[in-house]
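Student: Below is a structure I'd like to ask you about.
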Number of protein chains: 2
Amino acid sequence: MKGEFALIAEIAAALGAPDDDELWIGDDAAIVHPPQGWMLLSADTVVAGVHADLAFTRLDDFGWKAMCASVSDIAAMGGVPSQALVTVTAPSGTDIALLYSGVSAAARHLECPVVGGDLSNGPEVVVTVAVTGSCPGPPVRRSGARPGDRIWVTGPLGASAAGLRRLRCGEARYDNVLEVGSSVRAHARPTARLREGSAARLAGASAMIDVSDGLAADLGHIADASGVGFRLDHLPVHPEATLDEAVGGGEDFALVFCAPPEAGLDESFIGLHPPIMIGVCVEDRSERTLLSRPLEAPGWQHTW
Amino acid sequence: MKGEFALIAEIAAALGAPDDDELWIGDDAAIVHPPQGWMLLSADTVVAGVHADLAFTRLDDFGWKAMCASVSDIAAMGGVPSQALVTVTAPSGTDIALLYSGVSAAARHLECPVVGGDLSNGPEVVVTVAVTGSCPGPPVRRSGARPGDRIWVTGPLGASAAGLRRLRCGEARYDNVLEVGSSVRAHARPTARLREGSAARLAGASAMIDVSDGLAADLGHIADASGVGFRLDHLPVHPEATLDEAVGGGEDFALVFCAPPEAGLDESFIGLHPPIMIGVCVEDRSERTLLSRPLEAPGWQHTW
């Protein structure tokens, strides 16, 4: 059994220290240099039993996913993450060090240092990650799509949902996690499309969002905010996923964005997987179709 | 029963919108102007059943307390809060609107707008508040206290613990909450000592912390970080509190700070309650005494 203060000291040592005059973990608040340009702020919570099933998600992957979910929101604005604050509540007996090893790995992968947070007992594992980010130019909002804009996604959809399904029914095993491109890896170790988000912003994207609740729901958010409809004629489905998983499965963290036909996507995506065009924005707000059929948003909502 | 997206729209309307070109709730991330000077970052979690007993804490007060606990960390650096990200997990049936009415009231009181966050189902009410802040000059760390520095607190201690005890044993009722100066009010609606924190910084405070775990534990953090001991000869106890509550009771959010004897406290605290001197920092790190007796830190720790 370990106490809070000893554990925080261990975590702080593992997470690393600043190499300049900043101060990270260890005081009432972290002291950092403010970003240049616009500042971005976002927070996401991942709750065991709600967003992830601990029977099929190791605690390090749980920590990794919490980091990615938050940083993905910065990617969806076309920004770059600066710092993360990670707060964890967990019942006694939880392997906090394992959880933080995933947080720490994600922080390195995403180049987003953890500069503070909080640690508390609680009845369930809940990880909340607040992130700051920066954007040298105007961030890409949800509200800028216009009729005629093309709609793009950064890659095939449905992988995370497919991975969870395959784990649950025994088709895949959790130790296959490292197989690049597999749905289990997409479920256990998703990533945030930071380079793609910046590329889309630089190419002149008019609206962008990350697929966290499912394509239909998330593209619906763009349509609501922009006052447009959409007509999809193509949907790239991950090879292990079903069409329903591609439409409704969340937590892919692919980016979906709109851009005028003249946007210079080819140039700004040099060196990255090229985005895939899936449709067009239309003036009729009531149109939300895939291959001429209504695209329902089965995306699940929390209720109170 | 209300869905997440409808509830978020209601909360966003109640929390208010920016009056310039910033973007708060409603996109993947908030877009704000970065602060001038140093940027401060902190996050705190409040868990029902761990940090607060919902039998004696209304949900609006729970939300208020979560905001204050985080903003108090900015006060303890001598800074000013800029923005808050509030994430809530709660079981179905929780009165989310009541909870956010307290968050919103605290945001106005502390002049710290809520610009984003997250809302999720979960087995228990957990509120996490991440705050950004700014500091025009060097923030006051825990590590700057030197032997000979005087030790000050911003007011009497133990009120919050006394308030909870009086509620639990039936000596006080929760609807007395508005009686200014009462321990029940201190428990239900604590405040963050922002003006006092700035005044201490301007006067040349060498180290500062807020009393969230209890004076003995929190002054211990200053002593650990600064490499000094301390000798207390006075302790201001709230009229409704016991000495044990003043030494060990957390969540008072009073500030305790150290300053060299020549610091200009009188001047910088003009218009505020004057701070109270309680002792002196000493060279012998092993000395931690109150009236010549060892000051134990009964402060409770989370364990895993």
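In the structure tokens, chains take the letters A, B, ... in the order shown, each chain's residues start at 1, and ligands count up from 1 in the order shown.
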Which of stretch 25-73 of chain A end up as strand (DSSP E) when DSSP is run on this backbone - answer as a list in words?
Tutor: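 Answer for stretch 25-73 of chain A, restricted to strand (DSSP E): Ala30, Ile31, Val32, Trp38, Met39, Leu40, Leu41, Ser42, Ala43, Asp44, Thr45, Val46 and Val47 of chain A.
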Student: At a cut-off of 6 Å, which residues of chain B touch chain A? Count only C-alpha atoms and give the answer as a VMD selection string.
Tutor: chain B and resid 1 to 4 28 to 34 38 to 44 73 92 to 93 117 to 118 121 301 to 304
Student: Take the residues from that selection and write them out as an mmCIF file, in the first residue's frame, keeping C-alpha atoms.
Tutor:
```cif
data_model
loop_
_atom_site.group_PDB
_atom_site.id
_atom_site.type_symbol
_atom_site.label_atom_id
_atom_site.label_comp_id
_atom_site.auth_asym_id
_atom_site.auth_seq_id
_atom_site.Cartn_x
_atom_site.Cartn_y
_atom_site.Cartn_z
ATOM 1 C CA MET B 1 -34.230 12.227 -18.566
ATOM 2 C CA LYS B 2 -31.964 14.487 -20.554
ATOM 3 C CA GLY B 3 -29.327 13.685 -23.165
ATOM 4 C CA GLU B 4 -25.767 14.879 -23.061
ATOM 5 C CA ASP B 28 -13.450 20.500 -29.915
ATOM 6 C CA ALA B 29 -11.364 22.928 -27.888
ATOM 7 C CA ALA B 30 -11.858 26.441 -26.569
ATOM 8 C CA ILE B 31 -9.940 29.201 -28.366
ATOM 9 C CA VAL B 32 -8.606 31.889 -26.020
ATOM 10 C CA HIS B 33 -5.936 34.576 -25.909
ATOM 11 C CA PRO B 34 -2.812 33.366 -24.121
ATOM 12 C CA TRP B 38 3.937 33.476 -16.667
ATOM 13 C CA MET B 39 1.172 30.951 -17.252
ATOM 14 C CA LEU B 40 -0.063 28.836 -14.323
ATOM 15 C CA LEU B 41 -1.801 25.455 -14.687
ATOM 16 C CA SER B 42 -3.477 23.369 -12.016
ATOM 17 C CA ALA B 43 -6.169 20.716 -11.650
ATOM 18 C CA ASP B 44 -8.079 19.321 -8.684
ATOM 19 C CA ASP B 73 -3.955 26.771 -6.211
ATOM 20 C CA SER B 92 -28.076 8.933 -13.979
ATOM 21 C CA GLY B 93 -30.566 10.922 -11.896
ATOM 22 C CA GLY B 117 -14.976 20.548 -20.121
ATOM 23 C CA ASP B 118 -16.705 17.226 -20.383
ATOM 24 C CA ASN B 121 -22.009 9.080 -16.757
ATOM 25 C CA GLN B 301 -3.570 10.642 2.579
ATOM 26 C CA HIS B 302 -5.152 8.649 -0.219
ATOM 27 C CA THR B 303 -3.565 5.182 -0.590
ATOM 28 C CA TRP B 304 -3.381 2.540 -3.298
#
```
Student: Could you state the separation of atom CA of A:Ile276 and atom CA of A:Cys112 in Å, given to one decimal place?
Tutor: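 That distance, rounded to one decimal, is 27.7 Å.
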Student: Nearest to A:Gly148: which of A:Ile278, A:Ala297, A:Asp21, A:Pro261 is it, counting only C-alpha atoms?
Tutor: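 Comparing A:Ile278, A:Ala297, A:Asp21, A:Pro261 against A:Gly148, the winner is A:Pro261.
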Student: Give me, as number ranges by chain, the residues of stretch 156-286 of chain A that a backbone DSSP run labels helix (DSSP H, G or I).
Tutor: A: 159-168, 174-176, 183-188, 194-203, 215-226, 243-248, 265-268
